[in-house]
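Q: Here's a structure for you.
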There are 2 protein chains.
Amino acid sequence: MSVTIDVLAEKLMHARQASRLVAQLSKKAKDSVLAAVADALETEAEYLIAENRKDVANATQAGIDAATIDRLTLSAIVLAGIAGDVRKVASLEDPVGEVTEMRTVESGITVGRIQVPFGVVGAIYESRPNVTVDIACLCFKSGNAVVLRGGSEAIYSNIALARVIHDAGVSAGAPEHWVQLIEDTDRALVHRLLQAKGEIDLVIPRGGAGLINFVVENATVPVIETGAGVCHTYVDADADLEKAHRIVVNAKTRRHTICNALDTLLVHEAVASRFLPAVFPDLAAAGVEIHGCPRTQDILGESPRVLPAIDDDWGQEFLSLTLAVKVIADFDTAMEHLHTYTSGHSEAIVTQDYSVGQRFMREVDAAAVYWNASTQFTDGAQFGLGAEVGISTQKLHARGPMALQEMTTYKWIVYGDGAIRPL
Amino acid sequence: MSVTIDVLAEKLMHARQASRLVAQLSKKAKDSVLAAVADALETEAEYLIAENRKDVANATQAGIDAATIDRLTLSAIVLAGIAGDVRKVASLEDPVGEVTEMRTVESGITVGRIQVPFGVVGAIYESRPNVTVDIACLCFKSGNAVVLRGGSEAIYSNIALARVIHDAGVSAGAPEHWVQLIEDTDRALVHRLLQAKGEIDLVIPRGGAGLINFVVENATVPVIETGAGVCHTYVDADADLEKAHRIVVNAKTRRHTICNALDTLLVHEAVASRFLPAVFPDLAAAGVEIHGCPRTQDILGESPRVLPAIDDDWGQEFLSLTLAVKVIADFDTAMEHLHTYTSGHSEAIVTQDYSVGQRFMREVDAAAVYWNASTQFTDGAQFGLGAEVGISTQKLHARGPMALQEMTTYKWIVYGDGAIRPL
């Protein structure tokens with residue numbers, strides 16, 4: 001094991017050296033590299049699909065569920081889609097080099113801030129092999145060198161993808177170690193990566209709650225947490241119930257396995273007996289199972305799709321077709337529930353009342369707060385960012401959808417002409 | 001001990017409740033509270049000084065050095081200075097509520113970002129009791145509730161200061177728990193505070209390397225590291241030696257116990273034999289002791305103030321009148337040395353050569369990079385920020401001097417009119 005740890009130390013040293021070169025590349029140079037990477041994903045499709053088949057075969061043999069295998073599988077169409085995403089990243093503005101402020105202060109020095117890359121970024125992720133390409137290209141475009149650690153279930157695909165994009169990038173002028181994959185699947189390496197203070201500037205985990213908690217609990221390097229979301233939608237007494245209907249169905253059923261999907265519906269008692277029976281058939285038709293409070297059960301009556309809610313349902317991220325529903329007495333009770341159970345991801349209110357809506361937008365502490373819209377919009381592309389590294393659920397540095405800008409930091413630049421600080 | 005841990009849990013719960021109220025206060029309301037706090041520091045001077053004498057007496061008995069006791073001591077003049085700093089904070093712009101972007105995107109939703117407080121901030125610090133007031137007021141102005149944990153050596157002073165500012169603040173309209181001090185000096189509480197994920201949004205340590213490392217290694221809550229700086233100044237072949245002289249003497253001797261003081265001087269060999277003998281007498285007169293490389297020793301000759309440098313001198317933060325000096329062959333060697341030994345705090349070049357200076361400014365990865373100026377300028381007030389919470393040495397969120405703006409985060413606000421995300 002100490003041998004593989006040494007290999008990691010070497011990778012990190014190479015990443016540091018590469019980061020100094022990547023940081024200095026022009027937009028044009030970076031975009032040429034990305035164009036070459038995109039092309040290679042298409043020209044090398046046959047090789048990539050053949051390697052991917054090994055992972056798919058292993059997953060099938062291990063009895064993995066069909067949905068997971070579907071996400072794991074690469075086809076010519078999937079690869080063309082990934083290549084398209086890379087070309088999209090190439091078309092975006094360069095986040096590096098913008099001077100965001102500059103002023104000459106009383107002492108005569110001129111002081112400013114300039115956007116610069118972090119340096120070396122580590123990405124730790126699971127299953128979907130497209131993350132290998134996505135994260136590598138977003139890191140590169142933002143001037144960072146990247147060290148990747150994917151899941152063992154996609155190891156053949158990840159090795160093949162990393163080789164193809166690495167080689168294409170280097171041929172087009174990227175430094176030798178602009179992207180490196182940790183091929184060894186020993187978990188000790190993840191732990192070592194998370195403790196590599198000074199060698200790595202930022203770690204981004206992408207995956208399930210288990211992975212993210214492991215990273216947060218073991219990291220001494222800076223981390224941006226991504227992922228888990230317990231999302232609420234509150235249908236107010238003054239909601240337009242037709243809008244509420246549309247929003248609730250979309251927030252729960254458009255996709256139910258993603259972090260911005262609706263988990264708990266709160267309904268004001270003044271509208272519950274009209275709203276719940278109206279929306280229930282559409283939810284039921286989509287396969288939704290309600291875990292309702294006693295009043296919800298009373299209103300919806302006997303149905304195999306309506307079960308009594310238990311305490312654990314509140315504050316639960318279901319990632320399934322389960323929906324917790326609670327009828328509440330007033331806005332303050334709704335806020336109380338939110339304060340107690342929010343995970344700070346995406347929260348929505350449906351109301352036509354100006355003052356109530358304004359209070360919700362001001363007082364709810366979450367990465368994204370919605371008024372009369374579906375929480376499923378929480379996404380980099382939907383927010384107009386052009387790309388997404390992940391959705392941050394922390395408050396430090398980046399919150400909500402993270403794009404290229406959030407993959408940079410800044411430094412202070414100070415110009416004098418022999419300036420010294422007085423006593 | 002479990003009793004005191006319960007007290008901490010209660011404090012954090014109260015802080016969370018208070019944070020929701022502080023976050024919604026107007027600038028005017030916050031500034032009235034700060035004005036009352038400033039006044040109370042002066043009207044309660046007698047009580048504060050009496051309590052402070054207990055700490056000073058204990059420190060004297062414990063044989064603490066005079067400089068530390070000096071920093072610990074409160075007098076009417078010191079308190080008036082602290083009150084003045086509070087009034088300064090009141091005069092600054094409110095960092096909360098600014099909408100930094102807002103646009104209507106293709107899907108029809110309107111998406112923006114608004115600056116909001118973190119929520120509950122924890123501060124862990126040592127010795128200087130003025131930090132109790134500084135941090136509390138900066139957190140309050142930026143809309144956060146704060147939980148303070150000072151050092152045991154200033155416990156009487158901290159309790160008295162926290163009481164005075166708390167009471168004055170509440171009388172002027174602040175919520176009951178806007179500031180809370182952990183009065184128990186048991187270290188287990190610090191550990192518990194650092195693990196209070198969800199209860200605390202940000203921890204800022206202020207103190208020596210031991211404290212900061214303890215915090216970074218034990219925290220699962222987000223932390224902003226502050227403090228340690230290994231600062232270099234590189235005197236280039238094309239330096240104006242008169243400017244270099246002024247800058248080096250200032251960077252080392254203006255104050256030598258602070259993080260932005262010069263630690264290692266790198267001198268290009270083309271100017272070393274002229275520069276070093278010229279600057280040495282002024283350094284020696286200020287009490288500086290040189291740890292020089294062999295060439296430095298050759299140039300400066302025999303002197304009780306010139307000792308041979310050892311390996312550990314490079315990359316050392318001295319916080320004393322020791323200065324490591326190395327003669328180097330060229331710019332690339334200087335950059336090599338910097339890449340190896342920088343702590344990423346403040347780094348300077350002295351040169352008249354445009355291209356060399358530009359390369360230095362671009363390529364050096366530090367919170368503050370200087371061209372022809374003293375590193376002692378790294379400071380919130382000197383950079384025109386009006387206040388300083390600390391100097392961040394990390395890249396996430398805040399880098400270099402942190403002021404009110406850096407004590408806030410943002411949230412996304414999304415407005416629709418029944419908007420749903422298409423498939």
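In the structure tokens, each chain is lettered A, B, ... as it comes, each chain's residues begin at 1, and ligands are numbered from 1 in order of appearance.
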Output as a ChimeraX atom specification the set of chain B residues within 7 Å of chain A, with distances taken over only C-alpha atoms.
A: /B:105,111,118,216-217,220,222,243-244,246-247,250,254,366-374,376-377,383-384,395-397,399,409-421,423
Q: List every residue of region 227-277 of chain B that DSSP, applied to the backbone of this structure, assigns to strand (DSSP E or B), and report them as a PyMOL selection string.
A: chain B and resi 231-235+262-268
Q: Would you kindly return, as a JSON list (two decimals) with N, CA and C atoms, in the first residue's frame, each protein, DNA or RNA residue with an atom no farther than 9 Å from any atom of Tyr47 (chain B), considering only C-alpha atoms and excluding same-chain residues fewer than 4 positions away?
A:
```json
[["chain", "number", "residue", "atom", "x", "y", "z"],
["B", 51, "GLU", "N", -12.08, 44.15, 36.14],
["B", 51, "GLU", "CA", -12.12, 42.72, 35.79],
["B", 51, "GLU", "C", -10.83, 42.32, 35.06],
["B", 52, "ASN", "N", -10.39, 43.19, 34.16],
["B", 52, "ASN", "CA", -9.17, 42.92, 33.41],
["B", 52, "ASN", "C", -7.96, 42.76, 34.33],
["B", 160, "ALA", "N", -16.46, 40.06, 31.15],
["B", 160, "ALA", "CA", -16.92, 41.43, 31.40],
["B", 160, "ALA", "C", -17.26, 42.15, 30.09]]
```
Q: Using only C-alpha atoms for the distances, tell me which of A:Tyr234, A:Tyr354, A:Phe275, A:Trp314 is nearest to Met335 (chain A).
A: A:Tyr234
Q: Nearest residue to Asp313 (chain B) out of B:Ile204, B:Ala284, B:Ser355, B:Leu265, using only C-alpha atoms?
A: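 Closest to Asp313 (chain B) of all the choices is B:Leu265.
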Q: What gap, in Å, lies between CA of Val120 (chain A) and CA of Cys139 (chain A)?
A: 8.9 Å
Q: Report as a compact mmCIF listing (two decimals) with N, CA and C atoms, in the first residue's frame all protein, DNA and RNA residues lying within 6 Å of region 143-158 of chain A, evaluated on only C-alpha atoms, omitting residues in the same chain fewer than 3 positions from it.
A:
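Listing of around18.txt after writing:
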```txt
# COMPACT_ATOMS: atom_id res chain seq x y z
N ALA A 15 0.74 17.17 -10.56
CA ALA A 15 -0.42 18.05 -10.71
C ALA A 15 -0.04 19.48 -10.35
N SER A 19 -0.30 22.53 -12.79
CA SER A 19 -1.24 23.61 -12.46
C SER A 19 -0.62 24.98 -12.76
N VAL A 22 -1.04 25.33 -16.58
CA VAL A 22 -2.44 25.48 -17.00
C VAL A 22 -2.94 26.88 -16.62
N ALA A 23 -2.52 27.35 -15.44
CA ALA A 23 -2.98 28.66 -14.96
C ALA A 23 -2.61 29.79 -15.91
N GLU A 51 -14.23 -0.82 -23.79
CA GLU A 51 -13.78 -0.82 -22.40
C GLU A 51 -14.98 -0.71 -21.45
N ASN A 52 -15.91 0.15 -21.82
CA ASN A 52 -17.12 0.33 -21.01
C ASN A 52 -17.89 -0.98 -20.84
N ASP A 55 -17.13 -2.92 -17.73
CA ASP A 55 -17.81 -2.45 -16.51
C ASP A 55 -19.26 -2.90 -16.51
N PRO A 117 -7.00 30.63 -10.80
CA PRO A 117 -7.43 29.25 -10.52
C PRO A 117 -7.06 28.85 -9.08
N GLY A 119 -5.65 25.91 -8.41
CA GLY A 119 -4.37 25.21 -8.54
C GLY A 119 -4.62 23.75 -8.85
N VAL A 120 -4.64 22.92 -7.80
CA VAL A 120 -4.89 21.49 -7.99
C VAL A 120 -6.24 21.14 -7.37
N VAL A 121 -7.13 20.61 -8.21
CA VAL A 121 -8.47 20.22 -7.75
C VAL A 121 -8.58 18.70 -7.78
N GLY A 122 -9.13 18.14 -6.72
CA GLY A 122 -9.40 16.71 -6.67
C GLY A 122 -10.89 16.47 -6.82
N ALA A 123 -11.26 15.48 -7.61
CA ALA A 123 -12.68 15.14 -7.74
C ALA A 123 -12.85 13.67 -7.36
N ILE A 124 -13.80 13.41 -6.48
CA ILE A 124 -14.09 12.04 -6.02
C ILE A 124 -15.54 11.78 -6.35
N TYR A 125 -15.80 10.73 -7.14
CA TYR A 125 -17.17 10.55 -7.65
C TYR A 125 -17.49 9.08 -7.86
N GLU A 126 -18.77 8.86 -8.17
CA GLU A 126 -19.27 7.49 -8.30
C GLU A 126 -19.89 7.23 -9.67
N SER A 127 -19.97 6.03 -10.03
CA SER A 127 -20.65 5.41 -11.18
C SER A 127 -20.62 6.12 -12.54
N PRO A 129 -19.66 7.52 -15.74
CA PRO A 129 -18.33 7.81 -16.28
C PRO A 129 -18.23 9.18 -16.96
N CYS A 139 -12.43 21.83 -14.92
CA CYS A 139 -11.22 22.22 -14.18
C CYS A 139 -10.21 22.86 -15.11
N PHE A 140 -10.02 22.26 -16.27
CA PHE A 140 -9.02 22.77 -17.22
C PHE A 140 -9.41 24.16 -17.71
N LEU A 161 -11.47 6.63 -20.69
CA LEU A 161 -11.82 8.03 -20.94
C LEU A 161 -10.67 8.96 -20.56
N ALA A 162 -10.06 8.71 -19.40
CA ALA A 162 -8.96 9.57 -18.97
C ALA A 162 -7.80 9.50 -19.95
N TRP A 178 -2.07 17.54 -17.05
CA TRP A 178 -3.26 18.39 -16.85
C TRP A 178 -4.42 17.61 -16.25
N VAL A 179 -4.49 16.31 -16.56
CA VAL A 179 -5.51 15.46 -15.94
C VAL A 179 -4.86 14.13 -15.59
N GLN A 180 -5.11 13.67 -14.36
CA GLN A 180 -4.59 12.37 -13.94
C GLN A 180 -5.69 11.61 -13.22
N LEU A 181 -5.77 10.34 -13.53
CA LEU A 181 -6.76 9.48 -12.87
C LEU A 181 -6.03 8.58 -11.87
N ILE A 182 -6.58 8.44 -10.69
CA ILE A 182 -6.06 7.45 -9.74
C ILE A 182 -6.68 6.12 -10.12
N THR A 185 -8.05 1.35 -6.95
CA THR A 185 -9.34 1.58 -6.30
C THR A 185 -9.30 1.38 -4.78
```
Q: Per DSSP on the backbone, what are the alpha helix (DSSP H) residues of region 4-104 of chain A, as number ranges by chain?
A: A: 4-22, 27-43, 45-61, 66-72, 76-91
Q: Which residue is closest to Val170 (chain A)? Choose from A:Thr73, A:Ser32, A:Gln405, A:Ser392 and count only C-alpha atoms.
A: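 Looking at the shortest contact to Val170 (chain A), the residue is A:Ser32.
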Q: Tell me which protein, DNA and RNA residues are within 7 Å of Gly229 (chain B), counting only C-alpha atoms, leaving out same-chain ones fewer than 2 positions away, and put them as a compact mmCIF listing (two decimals) with C-alpha atoms, in the first residue's frame.
A:
```txt
# COMPACT_ATOMS: atom_id res chain seq x y z
CA GLY B 227 -2.70 33.68 10.27
CA CYS B 231 6.82 36.07 3.51
CA CYS B 259 2.17 37.48 9.91
CA ASN B 260 3.04 39.82 7.02
CA GLU B 317 7.83 31.99 9.88
CA SER B 343 2.86 29.67 2.64
CA HIS B 345 0.38 34.76 2.36
```
Q: Residues within 6 Å of region 293-304 of chain A, please, as a compact mmCIF listing (two decimals) with N, CA and C atoms, in the first residue's frame. Count only C-alpha atoms; anything in the same chain fewer than 3 positions from it doesn't count.
A:
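Once written, part07.txt looks like this:
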```txt
# COMPACT_ATOMS: atom_id res chain seq x y z
N SER A 273 -58.33 21.20 1.52
CA SER A 273 -59.41 20.30 1.12
C SER A 273 -59.80 20.50 -0.35
N ALA A 309 -47.88 9.28 7.61
CA ALA A 309 -46.50 9.75 7.73
C ALA A 309 -45.95 9.37 9.10
N LYS A 326 -48.07 17.55 4.55
CA LYS A 326 -48.55 18.02 5.84
C LYS A 326 -49.46 19.23 5.64
```
Q: To one decimal place in Å, what is the distance between CA of Ala270 (chain B) and CA of Ala329 (chain B)?
A: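 Answer for the CA of Ala270 (chain B) to CA of Ala329 (chain B) separation: 8.1 Å.
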